[in-house]
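Everything below belongs to target.cif, which stores mmCIF, C-alpha atoms.
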data_start
#
loop_
_atom_site.label_atom_id
_atom_site.label_comp_id
_atom_site.auth_asym_id
_atom_site.auth_seq_id
_atom_site.Cartn_x
_atom_site.Cartn_y
_atom_site.Cartn_z
CA MET W 1 -69.09 75.64 -8.93
CA MET W 2 -70.62 73.49 -6.17
CA THR W 3 -71.29 75.12 -2.83
CA VAL W 4 -70.18 73.57 0.45
CA ARG W 5 -73.81 72.61 1.08
CA GLU W 6 -73.95 70.69 -2.21
CA ARG W 7 -70.59 69.00 -1.69
CA PHE W 8 -71.43 67.79 1.82
CA PRO W 9 -75.24 67.39 1.89
CA LYS W 10 -75.27 65.00 4.86
CA LEU W 11 -73.07 67.24 6.98
CA PHE W 12 -75.23 70.21 6.00
CA ALA W 13 -78.36 68.30 7.03
CA ALA W 14 -76.74 67.50 10.39
CA ALA W 15 -75.82 71.18 10.82
CA LEU W 16 -79.42 72.22 10.14
CA LEU W 17 -80.71 69.75 12.73
CA TRP W 18 -78.23 71.12 15.26
CA LEU W 19 -79.33 74.69 14.53
CA ALA W 20 -83.00 73.75 14.94
CA CYS W 21 -82.18 72.41 18.41
CA ALA W 22 -79.89 75.30 19.33
CA GLY W 23 -82.54 77.90 18.44
CA TYR W 24 -85.04 76.02 20.60
CA VAL W 25 -82.86 75.33 23.63
CA PHE W 26 -84.43 77.58 26.29
CA PHE W 27 -88.02 76.72 25.40
CA GLY W 28 -87.01 73.07 25.27
CA GLY W 29 -85.86 73.13 28.88
CA MET W 30 -88.70 75.36 30.09
CA PRO W 31 -90.37 72.88 32.51
CA ALA W 32 -87.09 72.44 34.42
CA PHE W 33 -86.08 76.10 34.09
CA VAL W 34 -89.30 77.39 35.68
CA VAL W 35 -88.81 75.08 38.68
CA GLN W 36 -85.23 76.36 39.06
CA MET W 37 -86.41 79.97 38.77
CA ALA W 38 -88.94 79.36 41.53
CA ALA W 39 -86.30 77.73 43.76
CA ASP W 40 -83.37 80.12 43.08
CA TRP W 41 -85.14 83.40 42.33
CA HIS W 42 -88.49 82.75 44.12
CA TYR W 43 -90.63 83.61 41.09
CA THR W 44 -94.40 83.04 41.27
CA ALA W 45 -96.26 81.01 38.61
CA THR W 46 -97.35 84.25 36.93
CA GLN W 47 -93.77 85.53 36.82
CA GLN W 48 -92.60 82.19 35.42
CA GLY W 49 -95.27 82.50 32.73
CA VAL W 50 -94.10 86.04 31.92
CA ILE W 51 -90.48 84.83 31.61
CA ALA W 52 -91.62 82.08 29.27
CA MET W 53 -93.66 84.62 27.33
CA ALA W 54 -90.68 86.98 27.07
CA GLU W 55 -88.56 84.21 25.55
CA VAL W 56 -91.10 83.14 22.96
CA VAL W 57 -92.11 86.70 22.08
CA GLY W 58 -88.42 87.24 21.34
CA ASN W 59 -88.53 84.14 19.09
CA ALA W 60 -91.48 85.68 17.25
CA ILE W 61 -89.73 89.04 16.81
CA GLY W 62 -86.62 87.26 15.54
CA SER W 63 -88.44 85.38 12.80
CA LEU W 64 -90.39 88.50 11.77
CA LEU W 65 -87.12 90.41 11.47
CA LEU W 66 -85.74 87.53 9.42
CA VAL W 67 -88.61 87.63 6.93
CA TYR W 68 -89.38 91.35 6.68
CA VAL W 69 -86.21 93.26 7.65
CA ILE W 70 -82.95 91.34 7.25
CA HIS W 71 -83.97 88.86 4.54
CA SER W 72 -81.78 90.67 2.02
CA ARG W 73 -78.65 89.99 4.09
CA THR W 74 -76.65 86.80 3.71
CA ALA W 75 -77.51 83.68 5.69
CA ARG W 76 -74.05 83.79 7.27
CA PHE W 77 -74.64 87.32 8.59
CA THR W 78 -78.13 86.60 9.92
CA LEU W 79 -77.07 83.36 11.60
CA ALA W 80 -74.04 85.02 13.20
CA CYS W 81 -76.26 87.80 14.59
CA GLY W 82 -78.81 85.31 15.92
CA LEU W 83 -76.27 83.06 17.61
CA LEU W 84 -74.38 85.95 19.19
CA MET W 85 -77.63 87.39 20.54
CA GLN W 86 -78.48 84.01 22.09
CA LEU W 87 -75.03 83.76 23.61
CA ALA W 88 -75.10 87.28 25.07
CA GLY W 89 -78.71 87.13 26.30
CA ASN W 90 -78.23 83.86 28.17
CA ALA W 91 -74.86 84.78 29.65
CA ALA W 92 -76.21 88.16 30.85
CA MET W 93 -78.83 86.43 33.01
CA TYR W 94 -76.21 84.65 35.11
CA GLY W 95 -76.59 85.66 38.75
CA ASP W 96 -79.81 87.03 40.18
CA PRO W 97 -81.20 89.73 37.84
CA ALA W 98 -84.20 91.84 38.68
CA PHE W 99 -87.41 90.37 37.26
CA TRP W 100 -88.00 92.93 34.52
CA LEU W 101 -84.31 92.92 33.58
CA ALA W 102 -84.53 89.14 33.26
CA CYS W 103 -87.55 89.58 30.96
CA CYS W 104 -85.62 91.99 28.72
CA GLU W 105 -82.66 89.63 28.55
CA ARG W 106 -84.96 86.74 27.62
CA VAL W 107 -86.50 88.81 24.82
CA PHE W 108 -83.02 89.61 23.51
CA ALA W 109 -81.92 85.95 23.59
CA GLY W 110 -85.27 84.90 22.11
CA ILE W 111 -84.81 87.20 19.11
CA GLY W 112 -81.57 85.39 18.36
CA GLY W 113 -83.26 82.02 18.77
CA GLY W 114 -86.03 83.02 16.36
CA ILE W 115 -83.50 84.02 13.71
CA VAL W 116 -81.57 80.76 14.13
CA PHE W 117 -84.63 78.48 14.15
CA GLY W 118 -86.27 80.37 11.24
CA THR W 119 -83.16 79.94 9.11
CA ALA W 120 -82.83 76.26 9.97
CA ILE W 121 -86.45 75.34 9.32
CA ARG W 122 -86.53 77.23 6.03
CA TYR W 123 -83.62 75.17 4.68
CA VAL W 124 -85.02 71.92 6.12
CA SER W 125 -88.55 72.43 4.73
CA LEU W 126 -87.42 73.24 1.18
CA ASN W 127 -84.75 70.54 1.05
CA PRO W 128 -85.44 67.75 -1.51
CA ARG W 129 -85.22 65.30 1.43
CA ALA W 130 -87.64 67.28 3.59
CA ASP W 131 -89.95 64.28 4.13
CA SER W 132 -87.09 62.62 6.03
CA LEU W 133 -85.42 65.71 7.52
CA LEU W 134 -88.57 67.21 9.07
CA PRO W 135 -89.28 64.16 11.26
CA LEU W 136 -85.58 63.97 12.15
CA MET W 137 -85.62 67.65 13.12
CA VAL W 138 -88.60 67.13 15.43
CA VAL W 139 -87.01 63.99 16.91
CA CYS W 140 -83.76 65.85 17.55
CA GLN W 141 -85.62 68.76 19.14
CA TYR W 142 -87.63 66.45 21.34
CA LEU W 143 -84.62 64.39 22.39
CA GLY W 144 -82.81 67.65 23.16
CA MET W 145 -85.76 68.83 25.26
CA THR W 146 -85.94 65.50 27.09
CA LEU W 147 -82.19 65.50 27.72
CA LEU W 148 -82.40 69.04 29.09
CA THR W 149 -85.35 68.42 31.41
CA SER W 150 -84.35 64.93 32.57
CA VAL W 151 -80.56 65.02 32.76
CA ILE W 152 -78.70 68.24 32.00
CA VAL W 153 -80.71 70.87 33.90
CA PRO W 154 -81.25 68.69 37.03
CA GLY W 155 -77.55 67.78 36.91
CA LEU W 156 -76.44 71.41 36.66
CA GLY W 157 -78.55 72.16 39.72
CA SER W 158 -79.10 75.91 39.34
CA ILE W 159 -80.68 78.34 36.90
CA GLY W 160 -77.37 80.20 36.52
CA ALA W 161 -75.47 77.10 35.41
CA SER W 162 -78.33 76.18 33.06
CA LEU W 163 -78.19 79.59 31.40
CA ILE W 164 -74.44 79.27 30.89
CA TYR W 165 -75.12 75.93 29.18
CA CYS W 166 -77.59 77.67 26.82
CA ALA W 167 -74.98 80.33 26.03
CA ALA W 168 -72.34 77.67 25.33
CA THR W 169 -74.71 75.92 22.93
CA ALA W 170 -75.01 79.10 20.87
CA GLY W 171 -71.23 79.56 20.91
CA VAL W 172 -70.58 76.06 19.58
CA SER W 173 -73.19 76.65 16.85
CA LEU W 174 -71.04 79.38 15.28
CA PHE W 175 -69.07 76.60 13.54
CA VAL W 176 -72.14 75.99 11.32
CA LEU W 177 -71.42 79.29 9.52
CA PHE W 178 -68.90 77.32 7.44
CA PHE W 179 -71.80 76.08 5.29
CA PHE W 180 -72.95 79.59 4.38
CA MET W 181 -69.75 81.10 2.94
CA ASP W 182 -71.19 81.49 -0.59
CA GLY W 183 -73.35 84.56 0.16
CA CYS W 184 -76.72 82.76 -0.06
CA ARG W 185 -79.81 84.44 1.34
CA VAL W 186 -82.42 82.91 3.63
CA VAL W 187 -85.74 83.97 2.07
CA GLY W 188 -86.82 84.05 -1.54
CA GLU W 189 -84.18 81.93 -3.25
CA SER W 190 -85.28 80.09 -6.38
CA PRO W 191 -83.07 77.85 -8.55
CA ASP W 192 -84.34 79.26 -11.85
CA GLY W 193 -84.45 82.88 -10.69
CA GLU W 194 -88.24 83.05 -10.89
CA LEU W 195 -90.70 83.23 -8.03
CA PRO W 196 -93.12 80.28 -8.12
CA ALA W 197 -96.77 80.70 -7.17
CA VAL W 198 -97.57 81.05 -3.48
CA ASN W 199 -100.98 80.14 -2.02
CA ALA W 200 -100.88 82.70 0.77
CA GLY W 201 -104.33 81.99 2.17
CA ALA W 202 -103.68 78.28 2.74
CA ALA W 203 -100.17 79.03 4.05
CA TRP W 204 -101.54 81.46 6.64
CA LEU W 205 -104.12 78.89 7.76
CA VAL W 206 -101.34 76.35 8.34
CA LEU W 207 -99.44 79.00 10.30
CA ALA W 208 -102.60 79.63 12.33
CA SER W 209 -102.73 75.91 13.13
CA ILE W 210 -99.09 76.02 14.24
CA PHE W 211 -99.89 79.05 16.40
CA LEU W 212 -102.81 77.26 18.07
CA VAL W 213 -100.92 74.05 18.81
CA SER W 214 -98.04 76.16 20.13
CA ALA W 215 -100.45 77.91 22.50
CA CYS W 216 -101.60 74.47 23.61
CA ALA W 217 -98.00 73.38 24.16
CA GLY W 218 -96.92 76.67 25.73
CA LEU W 219 -99.51 76.19 28.43
CA ALA W 220 -99.11 72.43 28.96
CA TRP W 221 -95.35 71.97 28.45
CA THR W 222 -94.26 74.97 30.52
CA PHE W 223 -96.00 73.69 33.67
CA LEU W 224 -95.65 69.96 33.01
CA GLU W 225 -93.05 69.38 35.72
CA ALA W 226 -95.15 71.34 38.23
CA VAL W 227 -98.14 69.14 37.34
CA GLY W 228 -96.05 66.04 38.00
CA LEU W 229 -95.01 67.32 41.41
CA ALA W 230 -98.65 68.13 42.21
CA SER W 231 -99.62 64.57 41.24
CA GLY W 232 -97.48 63.19 44.07
CA LEU W 233 -94.32 62.28 42.19
CA ALA W 234 -90.92 63.08 43.64
CA PRO W 235 -88.74 65.38 41.50
CA ASP W 236 -86.55 62.51 40.25
CA GLN W 237 -89.68 60.52 39.35
CA VAL W 238 -91.02 63.46 37.36
CA HIS W 239 -87.76 63.69 35.41
CA LYS W 240 -87.89 59.94 34.70
CA ALA W 241 -91.53 60.09 33.61
CA ILE W 242 -90.86 62.94 31.18
CA GLY W 243 -87.75 61.15 29.94
CA ALA W 244 -89.65 57.87 29.42
CA SER W 245 -92.13 59.64 27.14
CA ALA W 246 -89.27 60.09 24.66
CA VAL W 247 -89.48 56.46 23.47
CA PRO W 248 -93.04 56.54 22.04
CA THR W 249 -92.51 60.09 20.78
CA VAL W 250 -89.43 59.13 18.80
CA LEU W 251 -91.14 56.02 17.40
CA VAL W 252 -94.13 58.05 16.18
CA CYS W 253 -91.90 60.72 14.63
CA LEU W 254 -89.82 58.08 12.85
CA CYS W 255 -93.02 56.69 11.29
CA MET W 256 -93.88 60.11 9.85
CA PRO W 257 -91.69 59.91 6.67
CA ALA W 258 -93.69 56.91 5.43
CA LEU W 259 -96.96 58.72 6.14
CA LEU W 260 -95.79 61.89 4.40
CA ARG W 261 -94.70 59.97 1.28
CA ARG W 262 -98.21 58.57 1.06
CA GLY W 263 -99.70 62.06 1.22
CA TRP W 264 -101.17 61.56 4.70
CA ALA W 265 -99.91 64.77 6.28
CA LEU W 266 -103.44 66.06 6.90
CA SER W 267 -104.93 62.83 8.22
CA SER W 268 -101.96 62.00 10.45
CA GLY W 269 -101.87 65.57 11.77
CA THR W 270 -105.59 65.43 12.59
CA VAL W 271 -105.25 62.16 14.50
CA LEU W 272 -102.18 63.32 16.39
CA LEU W 273 -103.76 66.61 17.43
CA SER W 274 -106.79 64.67 18.65
CA VAL W 275 -104.48 62.57 20.84
CA CYS W 276 -102.81 65.80 22.01
CA ALA W 277 -106.19 67.17 23.12
CA ALA W 278 -107.00 63.89 24.89
CA GLY W 279 -103.66 64.00 26.74
CA ALA W 280 -104.32 67.56 27.89
CA LEU W 281 -107.78 66.58 29.13
CA LEU W 282 -106.28 63.69 31.08
CA LEU W 283 -103.79 66.05 32.72
CA ALA W 284 -106.75 68.27 33.67
CA THR W 285 -108.30 65.51 35.80
CA PRO W 286 -107.37 64.69 39.41
CA LEU W 287 -103.97 63.11 38.90
CA THR W 288 -102.17 60.06 40.15
CA PRO W 289 -98.57 59.28 39.22
CA TRP W 290 -99.78 56.82 36.57
CA THR W 291 -102.31 59.17 34.98
CA PHE W 292 -99.63 61.86 34.89
CA ALA W 293 -97.24 59.52 33.09
CA VAL W 294 -99.89 58.46 30.54
CA GLY W 295 -101.17 61.99 29.97
CA ALA W 296 -97.69 63.47 29.63
CA THR W 297 -96.62 60.75 27.18
CA ALA W 298 -99.76 61.13 25.05
CA PHE W 299 -99.55 64.91 25.03
CA THR W 300 -95.84 65.35 24.29
CA GLY W 301 -95.67 62.54 21.73
CA ALA W 302 -98.68 63.76 19.76
CA TRP W 303 -97.62 67.42 20.04
CA MET W 304 -94.15 66.82 18.63
CA ALA W 305 -95.26 64.45 15.85
CA SER W 306 -98.14 66.72 14.78
CA GLY W 307 -95.56 69.44 14.14
CA VAL W 308 -94.04 67.26 11.41
CA ALA W 309 -97.38 67.10 9.60
CA GLN W 310 -97.94 70.84 9.93
CA TYR W 311 -94.45 71.74 8.74
CA ALA W 312 -94.77 69.32 5.80
CA MET W 313 -97.91 71.06 4.53
CA LEU W 314 -96.30 74.50 4.18
CA PRO W 315 -93.83 73.94 1.30
CA GLY W 316 -96.70 72.87 -0.95
CA PHE W 317 -98.31 76.28 -0.46
CA ASP W 318 -95.13 78.37 -0.15
CA PRO W 319 -92.18 77.19 -2.30
CA VAL W 320 -90.41 80.54 -1.78
CA GLY W 321 -89.96 80.08 1.97
CA ARG W 322 -91.32 83.39 3.26
CA HIS W 323 -94.19 81.84 5.24
CA ILE W 324 -91.99 78.92 6.29
CA ALA W 325 -89.54 81.31 7.93
CA LEU W 326 -92.46 82.68 9.97
CA ILE W 327 -92.91 79.37 11.80
CA PRO W 328 -90.85 80.54 14.82
CA ALA W 329 -93.07 83.63 15.05
CA CYS W 330 -96.19 81.49 15.22
CA VAL W 331 -94.54 79.09 17.66
CA GLY W 332 -93.29 82.02 19.74
CA ILE W 333 -96.50 84.04 19.93
CA GLY W 334 -98.60 80.92 20.47
CA SER W 335 -96.32 79.68 23.23
CA ALA W 336 -96.34 83.14 24.83
CA VAL W 337 -100.12 83.18 24.90
CA GLY W 338 -100.21 79.68 26.36
CA SER W 339 -97.57 80.36 29.03
CA LEU W 340 -99.18 83.61 30.15
CA VAL W 341 -102.71 82.18 30.22
CA GLY W 342 -101.50 79.09 32.06
CA GLY W 343 -99.56 81.05 34.69
CA GLY W 344 -102.50 83.38 35.33
CA LEU W 345 -105.04 80.55 35.62
CA ILE W 346 -102.82 78.51 37.94
CA ASP W 347 -102.12 81.50 40.20
CA SER W 348 -105.81 82.44 40.38
CA SER W 349 -107.24 78.96 40.92
CA SER W 350 -104.27 77.13 42.53
CA ALA W 351 -105.17 74.17 40.28
CA PHE W 352 -104.17 72.91 36.85
CA GLY W 353 -107.55 71.59 35.63
CA VAL W 354 -108.93 74.70 33.91
CA ALA W 355 -105.57 75.53 32.33
CA TYR W 356 -105.29 72.10 30.73
CA ASP W 357 -108.91 72.22 29.55
CA ILE W 358 -108.00 75.42 27.69
CA SER W 359 -104.95 73.63 26.26
CA ALA W 360 -107.21 70.91 24.83
CA ILE W 361 -109.43 73.57 23.21
CA PHE W 362 -106.37 75.06 21.48
CA ALA W 363 -105.55 71.62 20.04
CA VAL W 364 -109.08 71.20 18.65
CA LEU W 365 -108.94 74.66 17.01
CA ALA W 366 -105.59 73.68 15.44
CA ILE W 367 -107.33 70.72 13.78
CA VAL W 368 -110.00 73.02 12.37
CA SER W 369 -107.35 75.36 10.95
CA MET W 370 -105.47 72.48 9.27
CA LEU W 371 -108.66 71.23 7.64
CA ALA W 372 -109.48 74.74 6.42
CA ALA W 373 -106.00 75.10 4.91
CA HIS W 374 -106.40 71.81 3.05
CA ARG W 375 -109.79 72.85 1.69
CA TRP W 376 -108.49 76.29 0.63
CA GLY W 377 -105.48 74.72 -1.07
CA ALA W 378 -107.65 72.17 -2.89
CA GLN W 379 -109.91 74.92 -4.21
CA ARG W 380 -106.96 76.94 -5.51
CA SER W 381 -105.52 73.81 -7.18
CA VAL W 382 -108.75 73.29 -9.10
CA ILE W 383 -108.46 76.72 -10.75
CA GLY W 384 -104.84 76.10 -11.72
CA GLU W 385 -102.97 78.00 -9.00
CA ALA W 386 -101.27 75.09 -7.23
CA PRO W 387 -97.74 76.11 -6.25
CA LEU W 388 -94.61 74.35 -7.36
CA ARG W 389 -92.10 72.69 -5.04
CA ASP W 390 -88.75 74.41 -4.57
CA SER W 391 -85.57 72.32 -4.60
CA THR W 392 -83.32 74.61 -2.57
CA ASN W 393 -80.62 72.67 -0.77
#
Could you render the structure as structure tokens?
Amino acid sequence: MMTVRERFPKLFAAALLWLACAGYVFFGGMPAFVVQMAADWHYTATQQGVIAMAEVVGNAIGSLLLVYVIHSRTARFTLACGLLMQLAGNAAMYGDPAFWLACCERVFAGIGGGIVFGTAIRYVSLNPRADSLLPLMVVCQYLGMTLLTSVIVPGLGSIGASLIYCAATAGVSLFVLFFFMDGCRVVGESPDGELPAVNAGAAWLVLASIFLVSACAGLAWTFLEAVGLASGLAPDQVHKAIGASAVPTVLVCLCMPALLRRGWALSSGTVLLSVCAAGALLLATPLTPWTFAVGATAFTGAWMASGVAQYAMLPGFDPVGRHIALIPACVGIGSAVGSLVGGGLIDSSSAFGVAYDISAIFAVLAIVSMLAAHRWGAQRSVIGEAPLRDSTN
């Protein structure tokens, strides 16, 4: 008997894309949220970095729980838990909570987000149409982030209203549970009942690359709006500049399926991460409005598109999905490191240059890790241990 996912594959794909965005909603709006927190709650840059770290550490904990603790439960149960935690954690922050209480609530909501995003990306990565769905997922996430930072959050006008919006997003996402009524599990499914070979070493190196680029992004993306304001742009100009970067980012991401079909995941990822490093270095220089716009566009476009290449490498090494479901953990811990380091450096030096130099170094290390994963995987293939591709829907 066909499952709902098999009967409505396009609707299921759309639901997965929605979940990927819903699990990412607070981090996606981070540049605008930290400005609102400073205005409404008078948080310092270090406190803003700690709040960002609390959110992404929660994401990491959520994906680790998904893989190592609750993987034996049904996808419907795990998704329901994750979405309800997001809803409750965001709604509980409404008002003016004490700083450490706000941190705890962000960890709680982040755990839910990690569970939701881990589930979504596992099903996207092992889908037969992953070469098309992965770029679409990144495009949807980026457009969601741009919409949040450029339109929704500025329009809502306060951190409290923005948090209620995040809670409402999780509530609406509960309708996606309709696709998981058959009792399927998130991790370890295999169509023939056997576990195919997993190249754990190469998979961990890809995850390390994702961690490093997430640290790069956690530092640069979290404080991007503050950098724009420091460059002399008015707040509405900053929002427009960040929003305008969506056009080249979407175009690059939409080119990724053709590159992936040609087996160019490694080469395209290397080039994109190089551009990401160059964008961060540009943002580290004395800024004008134009250099901010160019640097922000180069950085965000290359960062988002490079994620497609990294995510596309993992299924070849891990057809079971266990390492794939750890992506939110790597994104979360990496972003936490970047946000905390960035906040501390900015508070201590009152400048963004050193912080963005560190961001560029993270991007270069991510390239090294991707190349090492490719070399490790090629060596294992030579001795006959290349993994098979899963066809989970």
Explicit residues for the PyMOL selection byres ((chain W and resi 292) around 8) (as a list in words): Val227, Gly228, Ser231, Leu282, Leu283, Leu287, Thr288, Pro289, Trp290, Thr291, Ala293, Val294, Gly295 and Ala296 of chain W
Give as a list in words every residue, naming chains and numbers as the document does, that has an atom within 9 Å of (-87.3, 80.8, 6.6), counting all atoms listed in the file.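 Here is the list of nearby residues: Ser63, Leu66, Val67, His71, Ile115, Phe117, Gly118, Thr119, Ala120, Ile121, Arg122, Tyr123, Ser125, Val186, Val187, Gly188, Val320, Gly321, Arg322, His323, Ile324, Ala325, Leu326, Ile327 and Pro328 of chain W.
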Taking the file as I've supplied it (selection: the PyMOL selection byres ((chain W and resi 331) around 12)), which residues are included? Please answer as a PyMOL selection string. chain W and resi 24+27+53+55-64+110+113-114+117-118+206-218+307+310-311+324-330+332-339
Give me the residues within 10 Å of Ala309 of chain W as an NGL selection string, counting all atoms listed in the file and dropping any in the same chain fewer than 6 places off. :W and (131 or 134-135 or 253 or 256-257 or 259-260 or 264-270 or 272 or 370)
Hey, can you spit out that residue selection with C-alpha atoms as an mmCIF file, in the frame of the given file?
data_model
loop_
_atom_site.group_PDB
_atom_site.id
_atom_site.type_symbol
_atom_site.label_atom_id
_atom_site.label_comp_id
_atom_site.auth_asym_id
_atom_site.auth_seq_id
_atom_site.Cartn_x
_atom_site.Cartn_y
_atom_site.Cartn_z
ATOM 1 C CA ASP W 131 -89.950 64.280 4.130
ATOM 2 C CA LEU W 134 -88.570 67.210 9.070
ATOM 3 C CA PRO W 135 -89.280 64.160 11.260
ATOM 4 C CA CYS W 253 -91.900 60.720 14.630
ATOM 5 C CA MET W 256 -93.880 60.110 9.850
ATOM 6 C CA PRO W 257 -91.690 59.910 6.670
ATOM 7 C CA LEU W 259 -96.960 58.720 6.140
ATOM 8 C CA LEU W 260 -95.790 61.890 4.400
ATOM 9 C CA TRP W 264 -101.170 61.560 4.700
ATOM 10 C CA ALA W 265 -99.910 64.770 6.280
ATOM 11 C CA LEU W 266 -103.440 66.060 6.900
ATOM 12 C CA SER W 267 -104.930 62.830 8.220
ATOM 13 C CA SER W 268 -101.960 62.000 10.450
ATOM 14 C CA GLY W 269 -101.870 65.570 11.770
ATOM 15 C CA THR W 270 -105.590 65.430 12.590
ATOM 16 C CA LEU W 272 -102.180 63.320 16.390
ATOM 17 C CA MET W 370 -105.470 72.480 9.270
#
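Take atom CA of Gly201 of chain W and atom CA of Trp376 of chain W: the distance between them is 7.2 Å.
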Here is a test: counting all atoms listed in the file, which residue of W:Cys103, W:Ile358, W:Val69, W:Cys276 is nearest to Gln48 of chain W?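 Closest to Gln48 of chain W of all the choices is W:Cys103.
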All file atoms of segment 231-248 of chain W boxed axis-aligned, 6 Å per side, centre plus edges, as AutoDock Vina command-line options:
--center_x -93.1 --center_y 60.9 --center_z 33.1 --size_x 25.1 --size_y 20.9 --size_z 34.0
From the list W:Gln36, W:Thr44, W:Asn90, W:Asn199, which residue is nearest Gly377 of chain W when using only C-alpha atoms? W:Asn199
With a distance cut-off of 9 Å and all atoms listed in the file, select the neighbouring residues of Ala22 of chain W, excluding the residue or stretch itself and same-chain residues fewer than 2 positions from it, and output the selection as a PyMOL selection string. chain W and resi 17-20+24-26+83+113+116-117+141+166+169-170+173
Provide the atom CA of Ala277 of chain W to atom CA of Val34 of chain W distance in Å, to one decimal place.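 Rounded to one decimal, the two atoms are 23.4 Å apart.
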Using all atoms listed in the file, pick whichever of W:Ala102, W:Cys21, W:Ala200, W:Ala15 has the shortest atom-to-atom distance to Ile51 of chain W.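 Smallest distance to Ile51 of chain W is found for W:Ala102.
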List every protein, DNA or RNA residue that has an atom no more than 12 Å from (-71.0, 69.8, 5.0) in the file's coordinate frame, counting only C-alpha atoms, and report them as JSON, numbers by chain. {"W": [2, 3, 4, 5, 6, 7, 8, 9, 10, 11, 12, 13, 14, 15, 16, 175, 176, 177, 178, 179, 180, 181, 393]}
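Going from atom CA of Val138 of chain W to atom CA of Met304 of chain W covers 6.4 Å.
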For segment 39-42 of chain W, work out the shell of residues within 12 Å, counting all atoms listed in the file and skipping chain neighbours fewer than 6 positions away, then give it as a list in words. Ala32, Phe33, Gln48, Met93, Tyr94, Gly95, Asp96, Pro97, Ala98, Phe99, Ala102, Gly157, Ser158, Ile159, Gly160, Ala161 and Ser162 of chain W
Compare W:Ala226, W:Ala54, W:Leu251, W:Leu143 by their minimum atom-to-atom distance to Leu101 of chain W, counting only C-alpha atoms, and give me the closest one.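 With only C-alpha atoms as the atom set, the closest residue is W:Ala54.
Counting all atoms listed in the file and comparing W:Ser348, W:Ser150, W:Ser359, W:Thr74, the residue that lies closest to Gln237 of chain W is W:Ser150.
Take the candidates W:Gly243, W:Gly232, W:Pro315, W:Gly23 and check each one against Val124 of chain W using all atoms listed in the file; the shortest distance goes to W:Pro315.
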When the PyMOL selection byres ((chain W and resi 223) around 9) is applied to the structure above, which residues does it catch, written out as a compact mmCIF listing (two decimals) with C-alpha atoms, in the frame of the given file?
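Written output follows (expr-v5.txt):
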# COMPACT_ATOMS: atom_id res chain seq x y z
CA MET W 30 -88.70 75.36 30.09
CA PRO W 31 -90.37 72.88 32.51
CA VAL W 34 -89.30 77.39 35.68
CA VAL W 35 -88.81 75.08 38.68
CA ALA W 45 -96.26 81.01 38.61
CA GLY W 49 -95.27 82.50 32.73
CA GLY W 218 -96.92 76.67 25.73
CA LEU W 219 -99.51 76.19 28.43
CA ALA W 220 -99.11 72.43 28.96
CA TRP W 221 -95.35 71.97 28.45
CA THR W 222 -94.26 74.97 30.52
CA LEU W 224 -95.65 69.96 33.01
CA GLU W 225 -93.05 69.38 35.72
CA ALA W 226 -95.15 71.34 38.23
CA VAL W 227 -98.14 69.14 37.34
CA GLY W 228 -96.05 66.04 38.00
CA SER W 339 -97.57 80.36 29.03
CA GLY W 342 -101.50 79.09 32.06
CA GLY W 343 -99.56 81.05 34.69
CA PHE W 352 -104.17 72.91 36.85
